[in-house]
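entry.tsv (TSV, C-alpha atoms and all ligand atoms)
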```tsv
chain	number	residue	atom	x	y	z
A	1	MET	CA	99.19	135.70	179.34
A	2	ILE	CA	99.59	133.48	182.39
A	3	GLU	CA	103.09	133.37	183.92
A	4	HIS	CA	104.79	129.91	183.59
A	5	ASN	CA	104.64	128.65	187.20
A	6	ASN	CA	101.20	130.07	187.61
A	7	LEU	CA	100.14	128.23	184.44
A	8	LEU	CA	101.36	124.91	185.91
A	9	ASN	CA	99.42	125.62	189.11
A	10	LYS	CA	96.29	126.55	187.22
A	11	GLU	CA	96.56	123.43	185.08
A	12	ALA	CA	96.52	121.38	188.29
A	13	GLU	CA	93.65	123.45	189.65
A	14	TYR	CA	91.33	123.43	186.65
A	15	LEU	CA	92.02	120.29	184.62
A	16	LEU	CA	91.25	116.72	185.59
A	17	GLN	CA	94.62	115.16	186.30
A	18	THR	CA	94.52	112.34	183.76
A	19	TYR	CA	97.93	113.19	182.26
A	20	LYS	CA	101.36	113.40	183.85
A	21	ARG	CA	102.15	116.54	181.91
A	22	ILE	CA	105.68	117.52	180.96
A	23	PRO	CA	106.45	120.86	182.64
A	24	ILE	CA	107.43	122.85	179.55
A	25	GLU	CA	105.36	125.47	177.82
A	26	ILE	CA	105.46	125.17	174.06
A	27	GLU	CA	104.93	128.41	172.21
A	28	ARG	CA	105.22	127.42	168.57
A	29	GLY	CA	106.35	124.80	166.10
A	30	GLU	CA	108.26	124.98	162.84
A	31	GLY	CA	109.04	121.96	160.66
A	32	VAL	CA	110.39	119.21	162.92
A	33	TYR	CA	111.01	121.60	165.82
A	34	LEU	CA	109.04	122.91	168.77
A	35	PHE	CA	110.08	126.04	170.69
A	36	ASP	CA	109.23	126.74	174.32
A	37	LYS	CA	108.39	130.16	175.71
A	38	TYR	CA	112.02	130.78	176.61
A	39	GLY	CA	113.09	130.14	173.02
A	40	LYS	CA	114.55	126.67	173.69
A	41	LYS	CA	114.40	124.52	170.57
A	42	TYR	CA	113.38	120.85	170.67
A	43	LEU	CA	113.66	118.27	167.93
A	44	ASP	CA	110.21	116.67	168.15
A	45	PHE	CA	110.59	112.92	167.70
A	46	PHE	CA	107.16	112.28	169.22
A	47	SER	CA	105.12	114.21	166.60
A	48	GLY	CA	102.13	114.85	168.84
A	49	LEU	CA	101.91	111.06	169.28
A	50	ALA	CA	102.09	110.34	165.56
A	51	VAL	CA	99.62	113.05	164.57
A	52	ASN	CA	101.97	115.69	163.16
A	53	ALA	CA	103.26	113.62	160.26
A	54	LEU	CA	104.29	116.71	158.32
A	55	GLY	CA	105.67	118.52	161.35
A	56	TYR	CA	104.55	122.06	162.16
A	57	GLY	CA	103.51	124.90	159.89
A	58	ASN	CA	103.12	122.86	156.72
A	59	GLU	CA	102.13	125.47	154.12
A	60	LYS	CA	99.83	123.22	152.11
A	61	VAL	CA	97.94	122.04	155.20
A	62	ILE	CA	97.53	125.61	156.45
A	63	ARG	CA	96.37	126.77	153.03
A	64	ALA	CA	93.84	123.92	152.78
A	65	ILE	CA	92.47	124.85	156.23
A	66	GLU	CA	92.26	128.51	155.27
A	67	VAL	CA	90.53	127.89	151.95
A	68	GLN	CA	88.00	125.45	153.40
A	69	SER	CA	87.32	127.62	156.49
A	70	LYS	CA	86.30	130.48	154.23
A	71	LYS	CA	83.81	128.25	152.41
A	72	TYR	CA	82.29	126.56	155.46
A	73	ILE	CA	83.84	125.19	158.66
A	74	HIS	CA	81.07	122.79	159.51
A	75	LEU	CA	78.34	121.20	157.46
A	76	SER	CA	75.80	118.73	158.76
A	77	ASN	CA	76.42	115.19	157.58
A	78	TYR	CA	72.95	115.41	156.02
A	79	TYR	CA	74.69	117.32	153.21
A	80	ILE	CA	77.43	116.14	150.89
A	81	SER	CA	80.77	117.79	151.51
A	82	SER	CA	83.37	117.69	148.78
A	83	PRO	CA	86.52	117.44	151.00
A	84	GLN	CA	84.96	114.42	152.75
A	85	VAL	CA	84.26	112.64	149.48
A	86	GLU	CA	87.72	113.46	148.09
A	87	LEU	CA	89.49	112.23	151.24
A	88	ALA	CA	87.39	109.05	151.26
A	89	GLU	CA	88.42	108.42	147.65
A	90	LYS	CA	92.11	108.75	148.61
A	91	LEU	CA	91.75	106.45	151.63
A	92	VAL	CA	90.07	103.86	149.44
A	93	LYS	CA	92.85	104.21	146.86
A	94	TYR	CA	95.69	103.77	149.37
A	95	SER	CA	94.04	101.02	151.43
A	96	GLY	CA	92.72	99.01	148.49
A	97	LEU	CA	89.41	98.73	150.35
A	98	SER	CA	86.01	100.03	149.40
A	99	LYS	CA	84.16	102.63	151.54
A	100	VAL	CA	84.72	105.06	154.42
A	101	PHE	CA	82.87	106.34	157.49
A	102	PHE	CA	84.45	109.35	159.21
A	103	THR	CA	84.71	109.85	162.97
A	104	ASN	CA	86.50	112.40	165.17
A	105	SER	CA	89.12	110.10	166.70
A	106	GLY	CA	90.67	106.66	166.73
A	107	THR	CA	88.60	105.35	169.57
A	108	GLU	CA	85.39	106.43	167.83
A	109	ALA	CA	86.51	104.63	164.69
A	110	VAL	CA	86.99	101.48	166.77
A	111	GLU	CA	83.50	101.96	168.27
A	112	ALA	CA	82.01	102.29	164.79
A	113	SER	CA	83.74	99.10	163.68
A	114	LEU	CA	82.41	97.24	166.75
A	115	LYS	CA	78.86	98.24	165.90
A	116	LEU	CA	79.39	97.13	162.31
A	117	ILE	CA	80.73	93.75	163.46
A	118	ARG	CA	77.84	93.32	165.90
A	119	LYS	CA	75.34	94.05	163.13
A	120	ALA	CA	77.10	91.76	160.63
A	121	PHE	CA	77.57	88.77	162.98
A	122	GLY	CA	74.87	89.14	165.65
A	123	PRO	CA	75.16	89.36	169.45
A	124	GLU	CA	76.48	85.89	170.31
A	125	LYS	CA	79.73	85.72	168.38
A	126	LYS	CA	83.03	86.56	170.00
A	127	ILE	CA	85.87	88.92	169.24
A	128	ILE	CA	89.57	88.10	169.60
A	129	THR	CA	92.12	90.71	170.64
A	130	PHE	CA	95.73	90.43	171.79
A	131	SER	CA	97.92	91.03	174.81
A	132	GLU	CA	99.40	94.56	174.92
A	133	ALA	CA	96.85	95.75	172.35
A	134	PHE	CA	95.64	99.33	172.57
A	135	HIS	CA	92.50	100.43	170.73
A	136	GLY	CA	91.32	103.49	172.66
A	137	ARG	CA	89.63	104.66	175.85
A	138	THR	CA	85.88	104.56	175.24
A	139	TYR	CA	83.99	101.53	176.55
A	140	GLY	CA	83.98	99.34	173.45
A	141	ALA	CA	87.56	100.17	172.51
A	142	LEU	CA	88.69	99.77	176.11
A	143	SER	CA	87.06	96.34	176.22
A	144	LEU	CA	89.41	95.29	173.40
A	145	SER	CA	92.48	96.55	175.20
A	146	GLY	CA	95.22	94.19	176.32
A	147	LYS	CA	96.43	96.55	179.01
A	148	GLU	CA	94.97	95.70	182.39
A	149	LYS	CA	96.06	98.98	183.93
A	150	TYR	CA	93.76	100.92	181.60
A	151	LYS	CA	90.79	98.65	182.35
A	152	LYS	CA	91.06	97.89	186.04
A	153	TYR	CA	88.60	100.46	187.46
A	154	PHE	CA	86.07	100.32	184.67
A	155	ALA	CA	84.33	96.94	184.71
A	156	PRO	CA	81.90	95.78	183.54
A	157	LEU	CA	83.22	96.02	180.01
A	158	LEU	CA	81.81	94.47	176.83
A	159	PRO	CA	81.24	90.70	177.03
A	160	ASN	CA	82.38	88.08	174.52
A	161	ILE	CA	85.89	89.39	174.07
A	162	ILE	CA	88.73	86.88	174.17
A	163	GLN	CA	92.22	88.07	174.88
A	164	LEU	CA	95.02	85.95	173.39
A	165	LYS	CA	98.77	86.22	173.55
A	166	PHE	CA	100.17	88.31	170.68
A	167	ASN	CA	102.14	86.15	168.21
A	168	ASP	CA	101.13	82.87	169.91
A	169	ILE	CA	100.11	80.73	166.94
A	170	ASP	CA	99.17	77.63	168.96
A	171	GLU	CA	96.81	79.49	171.23
A	172	LEU	CA	95.21	81.24	168.26
A	173	GLU	CA	94.67	77.96	166.42
A	174	GLN	CA	93.08	76.45	169.51
A	175	MET	CA	90.70	79.34	170.10
A	176	ALA	CA	89.64	80.30	166.56
A	177	ASP	CA	86.41	78.68	165.38
A	178	GLU	CA	83.07	79.45	163.74
A	179	ASN	CA	82.00	81.41	166.85
A	180	ILE	CA	84.48	84.18	166.17
A	181	ALA	CA	83.14	87.35	164.53
A	182	ALA	CA	86.35	89.35	164.31
A	183	ILE	CA	90.01	89.63	165.16
A	184	TYR	CA	91.34	93.08	166.03
A	185	ILE	CA	95.05	93.48	165.42
A	186	GLU	CA	97.69	96.18	165.35
A	187	PHE	CA	100.18	94.67	162.90
A	188	ILE	CA	102.71	96.82	164.73
A	189	GLN	CA	101.60	97.54	168.29
A	190	GLY	CA	102.25	101.14	169.31
A	191	GLU	CA	101.27	101.78	172.92
A	192	GLY	CA	102.12	98.15	173.75
A	193	GLY	CA	105.81	98.77	173.03
A	194	ILE	CA	106.39	98.71	169.23
A	195	ASN	CA	105.79	94.97	168.95
A	196	LEU	CA	105.74	93.56	165.42
A	197	ALA	CA	103.40	90.74	164.51
A	198	SER	CA	105.30	87.80	163.08
A	199	LYS	CA	104.60	86.90	159.45
A	200	GLU	CA	103.69	83.33	160.52
A	201	PHE	CA	101.19	84.72	163.01
A	202	THR	CA	99.47	87.00	160.50
A	203	SER	CA	99.37	84.35	157.79
A	204	THR	CA	97.79	81.99	160.34
A	205	ILE	CA	95.14	84.63	161.02
A	206	SER	CA	94.56	84.87	157.29
A	207	LYS	CA	94.22	81.09	156.87
A	208	LEU	CA	91.85	80.87	159.82
A	209	ARG	CA	89.71	83.62	158.27
A	210	GLU	CA	89.33	81.51	155.13
A	211	LYS	CA	88.19	78.58	157.24
A	212	PHE	CA	85.86	80.35	159.70
A	213	GLY	CA	84.79	83.54	157.92
A	214	PHE	CA	85.52	86.10	160.63
A	215	ALA	CA	86.61	89.66	159.85
A	216	ILE	CA	90.16	90.94	160.30
A	217	ILE	CA	90.25	94.50	161.59
A	218	SER	CA	93.54	96.30	161.33
A	219	ASP	CA	93.97	99.12	163.81
A	220	GLU	CA	96.15	101.58	161.90
A	221	VAL	CA	95.45	104.57	164.12
A	222	GLN	CA	99.14	104.90	165.02
A	223	SER	CA	100.85	102.88	162.30
A	224	GLY	CA	98.90	104.11	159.26
A	225	ILE	CA	99.33	106.90	156.69
A	226	GLY	CA	102.97	106.31	155.81
A	227	ARG	CA	104.40	106.01	159.32
A	228	THR	CA	106.03	102.66	158.54
A	229	GLY	CA	107.17	103.63	155.03
A	230	LYS	CA	104.08	102.09	153.47
A	231	ALA	CA	100.50	103.37	153.44
A	232	PHE	CA	99.45	101.01	156.25
A	233	ALA	CA	101.34	98.59	158.49
A	234	TYR	CA	99.44	95.61	157.03
A	235	ASN	CA	101.10	96.38	153.68
A	236	HIS	CA	104.27	94.82	155.15
A	237	PHE	CA	102.38	91.55	155.64
A	238	ASP	CA	100.66	89.14	153.33
A	239	VAL	CA	97.18	89.98	154.63
A	240	VAL	CA	94.44	92.28	153.38
A	241	PRO	CA	92.19	93.22	156.29
A	242	ASP	CA	88.42	93.43	155.98
A	243	ILE	CA	88.24	96.71	157.87
A	244	VAL	CA	90.85	99.34	158.69
A	245	VAL	CA	90.56	101.94	161.44
A	246	ALA	CA	92.64	105.08	161.04
A	247	ALA	CA	93.00	108.46	162.75
A	248	LYS	CA	95.88	110.61	164.12
A	249	ALA	CA	97.74	111.80	160.97
A	250	ILE	CA	94.72	111.77	158.66
A	251	GLY	CA	93.38	115.14	159.81
A	252	GLY	CA	96.63	117.14	159.57
A	253	GLY	CA	96.37	117.88	163.32
A	254	LEU	CA	92.61	118.38	163.37
A	255	PRO	CA	90.41	115.71	164.98
A	256	LEU	CA	89.54	113.06	162.41
A	257	GLY	CA	89.23	109.30	162.31
A	258	ALA	CA	87.88	106.79	159.82
A	259	ILE	CA	86.82	103.24	159.29
A	260	ILE	CA	87.58	101.90	155.85
A	261	THR	CA	85.62	98.81	154.89
A	262	GLY	CA	86.30	96.12	152.32
A	263	LYS	CA	83.54	95.20	149.84
A	264	LYS	CA	82.08	92.46	152.04
A	265	TYR	CA	81.41	94.92	154.88
A	266	SER	CA	80.52	98.06	152.94
A	267	ASP	CA	76.76	97.54	152.91
A	268	ILE	CA	76.25	96.38	156.50
A	269	PHE	CA	75.33	99.83	157.83
A	270	SER	CA	72.26	101.46	156.37
A	271	ALA	CA	70.87	104.96	156.95
A	272	GLY	CA	70.46	105.65	160.66
A	273	ASP	CA	72.66	102.80	161.90
A	274	HIS	CA	75.53	105.10	162.78
A	275	GLY	CA	76.28	108.81	162.73
A	276	SER	CA	78.26	111.71	164.15
A	277	THR	CA	77.62	115.45	164.24
A	278	PHE	CA	81.26	116.40	163.75
A	279	GLY	CA	82.68	113.23	162.17
A	280	GLY	CA	84.32	114.05	158.84
A	281	ASN	CA	84.50	117.78	159.54
A	282	PRO	CA	85.17	119.47	156.18
A	283	VAL	CA	88.16	121.52	157.41
A	284	ALA	CA	89.76	118.40	158.94
A	285	CYS	CA	89.13	116.48	155.69
A	286	ALA	CA	90.62	119.30	153.58
A	287	ALA	CA	93.70	119.28	155.84
A	288	GLY	CA	93.83	115.49	155.59
A	289	LEU	CA	93.78	115.65	151.80
A	290	ALA	CA	96.80	117.95	151.86
A	291	VAL	CA	98.53	115.48	154.19
A	292	LEU	CA	97.83	112.39	152.08
A	293	ASN	CA	98.79	114.15	148.84
A	294	GLN	CA	102.19	115.08	150.23
A	295	ILE	CA	102.92	111.79	151.97
A	296	PHE	CA	101.98	109.57	149.07
A	297	GLU	CA	102.44	111.74	146.00
A	298	ASP	CA	105.53	113.78	146.93
A	299	GLY	CA	107.72	110.80	147.80
A	300	ILE	CA	107.71	111.28	151.61
A	301	CYS	CA	106.58	107.72	152.25
A	302	ASP	CA	109.50	106.25	150.24
A	303	GLU	CA	111.94	108.48	152.11
A	304	VAL	CA	110.52	107.22	155.46
A	305	SER	CA	111.20	103.68	154.34
A	306	LYS	CA	114.85	104.43	153.44
A	307	LEU	CA	115.65	106.62	156.44
A	308	GLY	CA	113.80	104.27	158.79
A	309	ASP	CA	116.12	101.43	157.70
A	310	TYR	CA	119.14	103.65	158.31
A	311	PHE	CA	117.84	104.72	161.74
A	312	LEU	CA	117.25	101.10	162.80
A	313	VAL	CA	120.70	99.96	161.69
A	314	GLU	CA	122.35	102.81	163.61
A	315	LEU	CA	120.28	102.13	166.74
A	316	LYS	CA	121.24	98.46	166.57
A	317	LEU	CA	124.90	99.51	166.48
A	318	LEU	CA	124.27	101.57	169.63
A	319	GLN	CA	122.71	98.51	171.23
A	320	LYS	CA	125.86	96.55	170.43
A	321	LYS	CA	127.93	99.25	172.16
A	322	PHE	CA	125.66	99.38	175.22
A	323	PRO	CA	124.20	95.86	175.66
A	324	GLN	CA	124.02	96.37	179.42
A	325	ILE	CA	121.57	99.30	178.90
A	326	ILE	CA	119.68	98.45	175.69
A	327	LEU	CA	117.82	95.13	175.44
A	328	ASP	CA	116.35	95.39	171.96
A	329	VAL	CA	115.77	97.68	168.99
A	330	ARG	CA	112.75	97.10	166.76
A	331	GLY	CA	110.34	98.83	164.42
A	332	VAL	CA	109.59	99.70	160.82
A	333	GLY	CA	109.99	103.06	159.06
A	334	PHE	CA	109.47	105.87	161.56
A	335	MET	CA	107.79	103.71	164.20
A	336	ILE	CA	110.67	102.57	166.36
A	337	GLY	CA	111.02	101.14	169.86
A	338	VAL	CA	114.21	100.81	171.91
A	339	GLU	CA	113.70	98.43	174.79
A	340	MET	CA	115.76	99.58	177.74
A	341	VAL	CA	116.88	97.47	180.68
A	342	ASN	CA	115.53	100.11	183.10
A	343	PRO	CA	112.32	102.17	183.05
A	344	CYS	CA	112.78	105.00	180.55
A	345	SER	CA	111.05	108.06	182.01
A	346	ASN	CA	114.42	109.32	183.24
A	347	LEU	CA	115.87	108.83	179.78
A	348	VAL	CA	113.05	110.88	178.25
A	349	ASP	CA	113.89	113.70	180.70
A	350	ARG	CA	117.57	113.56	179.72
A	351	PHE	CA	116.63	113.78	176.03
A	352	ARG	CA	114.42	116.79	176.76
A	353	GLU	CA	117.17	118.57	178.65
A	354	LYS	CA	119.35	118.07	175.58
A	355	GLY	CA	116.69	119.39	173.18
A	356	ILE	CA	114.87	116.27	171.96
A	357	LEU	CA	111.28	115.23	172.65
A	358	VAL	CA	110.65	111.51	172.65
A	359	ASN	CA	108.33	109.17	174.54
A	360	CYS	CA	108.44	106.20	176.86
A	361	THR	CA	105.74	103.53	176.62
A	362	ASN	CA	105.11	100.32	178.51
A	363	GLU	CA	107.59	101.37	181.26
A	364	ASN	CA	110.86	100.64	179.46
A	365	ILE	CA	110.30	101.12	175.74
A	366	LEU	CA	111.67	104.33	174.28
A	367	ARG	CA	109.12	105.11	171.57
A	368	ILE	CA	110.46	107.14	168.64
A	369	LEU	CA	107.87	108.58	166.25
A	370	PRO	CA	109.61	111.27	164.18
A	371	PRO	CA	107.65	113.51	161.83
A	372	LEU	CA	107.70	111.85	158.40
A	373	ILE	CA	109.57	114.87	156.99
A	374	SER	CA	112.59	114.25	159.26
A	375	THR	CA	115.96	114.22	157.50
A	376	LYS	CA	119.13	112.16	157.93
A	377	GLU	CA	120.62	115.16	159.75
A	378	ASN	CA	117.75	115.09	162.27
A	379	ILE	CA	118.27	111.36	162.81
A	380	ASP	CA	122.02	111.82	163.19
A	381	PHE	CA	121.43	114.53	165.80
A	382	PHE	CA	119.15	112.14	167.73
A	383	LEU	CA	121.79	109.39	167.53
A	384	LYS	CA	124.54	111.74	168.71
A	385	ILE	CA	122.51	112.81	171.75
A	386	PHE	CA	121.49	109.22	172.52
A	387	TYR	CA	125.16	108.19	172.41
A	388	GLU	CA	126.04	111.07	174.75
A	389	ILE	CA	123.36	110.06	177.26
A	390	LEU	CA	124.30	106.39	177.13
A	391	SER	CA	127.98	107.27	177.64
A	392	GLU	CA	127.16	109.36	180.72
A	393	ASN	CA	125.83	106.19	182.33
A	394	THR	CA	123.17	108.11	184.31
A	395	ILE	CA	120.05	106.27	183.21
A	401	LIG	C1	96.49	101.75	167.86
A	401	LIG	C2	95.57	102.78	168.45
A	401	LIG	N1	94.25	102.61	168.38
A	401	LIG	C3	93.38	103.51	168.88
A	401	LIG	C4	93.84	104.65	169.50
A	401	LIG	C5	92.86	105.64	170.06
A	401	LIG	O1	92.88	106.78	169.26
A	401	LIG	P1	92.37	108.19	169.84
A	401	LIG	O2	93.31	108.59	170.92
A	401	LIG	O3	92.38	109.09	168.64
A	401	LIG	O4	90.99	107.96	170.35
A	401	LIG	C6	95.22	104.87	169.60
A	401	LIG	C7	95.74	106.07	170.29
A	401	LIG	O5	96.90	106.21	170.60
A	401	LIG	C8	96.11	103.92	169.07
A	401	LIG	O6	97.44	104.08	169.14
```
Could I get this file's structure written as structure tokens?
Amino acid sequence: MIEHNNLLNKEAEYLLQTYKRIPIEIERGEGVYLFDKYGKKYLDFFSGLAVNALGYGNEKVIRAIEVQSKKYIHLSNYYISSPQVELAEKLVKYSGLSKVFFTNSGTEAVEASLKLIRKAFGPEKKIITFSEAFHGRTYGALSLSGKEKYKKYFAPLLPNIIQLKFNDIDELEQMADENIAAIYIEFIQGEGGINLASKEFTSTISKLREKFGFAIISDEVQSGIGRTGKAFAYNHFDVVPDIVVAAKAIGGGLPLGAIITGKKYSDIFSAGDHGSTFGGNPVACAAGLAVLNQIFEDGICDEVSKLGDYFLVELKLLQKKFPQIILDVRGVGFMIGVEMVNPCSNLVDRFREKGILVNCTNENILRILPPLISTKENIDFFLKIFYEILSENTI
């Protein structure tokens, strides 16, 4: 065992410094809580960045991993694996789409979708993405990103990508035409600051698709699998996407991503067009099945919807009490953003000192992503601590 300070030093010595890591050492998790090596308990309202939907130590997920590991941990994608097929069937059922390709991550799912779009529409057509969008860190996904700071050192990126202002209907109507192959959209932007698409904006996208025939790709990596109180964020809107990309929660904490295609795009790829050694790992798929069964068949998703409404109402009341500190409260289900007047990294530190883990995105947006199993008591504890911090007037 490496001693705590020594561990921090060694982290700096041996790992590329791409993360500003939080200087605590987590030893274990249980339900909605994480415990550090000194026994301090944290309510985890970040959920491993929306991965740990069922919290820590979920018995059914652990059992599924155990059972599948004893059968086989890995199987080449040249062979049929039952957990993969079963999970694909569930994803098709809950998305209302048609077929699945499994990857290891969200960014790989986005890459797969880009290849599919390129094959379906050819090399000349353009792709529309939006300001503040986040689709991942690999080259294709990064090219779609609306965040300059992630892209600035890495040009040249993919050509033929048009960046438009999120929710700007006029600009979209001007730019959409028969030269567009696809529109990538997060119906609720995560990394960009929990920004909700407006219903008018998404119905305009839908109408323009009818006219010009492009594909709508919904990036549900963060917002999918019950996080918003419905299976996918697009279920809150009047639009059925052509392709969905998912990841994070779908592997129960193991690396797994997926593209889910509607009928029109399910026969674009043929054998050899795309592949992955590890994509759709059977243990990850078995864990994912246990996750989906609980979220959608044990009523968790409905509970998220109810408690999410309660959480939002209470946060809005806090905003009313502290309008000089809180600019806005927004979100759906358990995907909530609190826009602060000041940058929020200090606020995140204060929460941590008081036993709550939460995140800050886009400089001043407190991003709250509780495990989907969180209770009203957990939410009330968060609200009590938030009130305490706001009253101290130190942020
Ligand atoms: C909306 C969205 N798309 C894509 C990604 C990339 O996923 P991954 O980190 O699994 O590659 C993320 C990651 O946070 C995301 O939030």
(message) My list of candidates is A:Leu172, A:Glu186, A:Val221, A:Tyr139. Which is closest to Phe201 in chain A when distances are computed with all atoms listed in the file?
(response) A:Leu172
Edge lengths and centre in Å to one decimal, as AutoDock Vina command-line options, is what I'm after for the box along x, y and z that holds all listed atoms of range 168-186 of chain A once 5 Å is added on each side.
```
--center_x 91.6 --center_y 86.3 --center_z 167.5 --size_x 29.1 --size_y 29.7 --size_z 17.5
```
(message) Can you tell me which residues surround range 39-49 of chain A at a distance of at most 6 Å, considering all atoms listed in the file, apart from same-chain residues fewer than 3 positions away, and format the answer as JSON, numbers by chain?
(response) {"A": [32, 33, 34, 35, 36, 52, 355, 356, 357, 358, 368, 369, 370, 371]}
Tell me, counting only C-alpha atoms and all ligand atoms, for each residue of chain A within 10 Å of ligand LIG 401 (chain A), which pair of atoms is nearest and how far apart they are in Å to one decimal, in rows ordered by chain and increasing number, as CSV.
```
residue,atom,partner,partner_atom,distance
A:Leu49,CA,A:LIG401,O5,7.1
A:Ala50,CA,A:LIG401,O5,8.3
A:Val51,CA,A:LIG401,O3,9.2
A:Thr103,CA,A:LIG401,O3,9.6
A:Asn104,CA,A:LIG401,O3,7.6
A:Ser105,CA,A:LIG401,O3,3.9
A:Gly106,CA,A:LIG401,O1,3.4
A:Thr107,CA,A:LIG401,O4,3.6
A:Glu108,CA,A:LIG401,O4,6.3
A:Ala109,CA,A:LIG401,O4,7.9
A:Val110,CA,A:LIG401,C3,7.0
A:Glu111,CA,A:LIG401,O4,9.8
A:Ala133,CA,A:LIG401,C1,7.5
A:Phe134,CA,A:LIG401,C1,5.4
A:His135,CA,A:LIG401,N1,3.7
A:Gly136,CA,A:LIG401,C5,3.7
A:Arg137,CA,A:LIG401,O4,6.6
A:Thr138,CA,A:LIG401,O4,7.8
A:Ala141,CA,A:LIG401,C3,7.6
A:Leu142,CA,A:LIG401,C3,9.4
A:Ser145,CA,A:LIG401,N1,9.3
A:Ile185,CA,A:LIG401,C1,8.7
A:Glu186,CA,A:LIG401,C1,6.2
A:Phe187,CA,A:LIG401,C1,9.4
A:Ile188,CA,A:LIG401,C1,8.5
A:Gln189,CA,A:LIG401,C1,6.6
A:Gly190,CA,A:LIG401,O6,5.6
A:Glu191,CA,A:LIG401,O6,5.9
A:Gly192,CA,A:LIG401,O6,8.8
A:Ser218,CA,A:LIG401,C1,9.0
A:Asp219,CA,A:LIG401,C1,5.4
A:Glu220,CA,A:LIG401,C1,6.0
A:Val221,CA,A:LIG401,C2,4.7
A:Gln222,CA,A:LIG401,O6,4.5
A:Ser223,CA,A:LIG401,C1,7.2
A:Gly224,CA,A:LIG401,C1,9.2
A:Val245,CA,A:LIG401,N1,7.9
A:Ala246,CA,A:LIG401,N1,7.9
A:Ala247,CA,A:LIG401,O3,6.0
A:Lys248,CA,A:LIG401,O3,5.9
A:Ala249,CA,A:LIG401,O3,9.7
A:Pro255,CA,A:LIG401,O3,7.8
A:Leu256,CA,A:LIG401,O3,7.9
A:Gly257,CA,A:LIG401,O3,7.1
```
May I have the residues within 9 Å of Pro83 in chain A as a short mmCIF file (atom, residue, chain, number, x, y, z; two decimals) with C-alpha atoms, in the coordinates of the input, using only C-alpha atoms and disregarding those fewer than 2 positions away in the same chain?
```cif
data_model
loop_
_atom_site.label_atom_id
_atom_site.label_comp_id
_atom_site.auth_asym_id
_atom_site.auth_seq_id
_atom_site.Cartn_x
_atom_site.Cartn_y
_atom_site.Cartn_z
CA GLN A 68 88.00 125.45 153.40
CA SER A 81 80.77 117.79 151.51
CA VAL A 85 84.26 112.64 149.48
CA GLU A 86 87.72 113.46 148.09
CA LEU A 87 89.49 112.23 151.24
CA ALA A 88 87.39 109.05 151.26
CA GLY A 280 84.32 114.05 158.84
CA ASN A 281 84.50 117.78 159.54
CA PRO A 282 85.17 119.47 156.18
CA VAL A 283 88.16 121.52 157.41
CA ALA A 284 89.76 118.40 158.94
CA CYS A 285 89.13 116.48 155.69
CA ALA A 286 90.62 119.30 153.58
CA ALA A 287 93.70 119.28 155.84
CA GLY A 288 93.83 115.49 155.59
CA LEU A 289 93.78 115.65 151.80
#
```
(request) Excluding Thr261 in chain A and residues on its chain fewer than 5 positions from it, collect all residues at most 8 Å away from it, counting only C-alpha atoms, and give them as a PyMOL selection string. (result) chain A and resi 97-100+242-244+266
(message) Report, in Å with one decimal, the straight-line distance from CA of Phe296 in chain A to CA of Val61 in chain A.
(response)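 Those two atoms sit 14.5 Å apart.
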(request) Have a look at A:Val240, A:Ile73, A:Leu8, A:Ile373 and name the one nearest to Gly96 in chain A; count all atoms listed in the file. (result)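 Of A:Val240, A:Ile73, A:Leu8, A:Ile373, the one nearest Gly96 in chain A is A:Val240, counting all atoms listed in the file.
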(message) When you count only C-alpha atoms, which of these residues is closest to Glu314 in chain A: A:Ile161, A:Ile217, A:Val338, A:Leu15?
(response)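 With only C-alpha atoms as the atom set, the closest residue is A:Val338.
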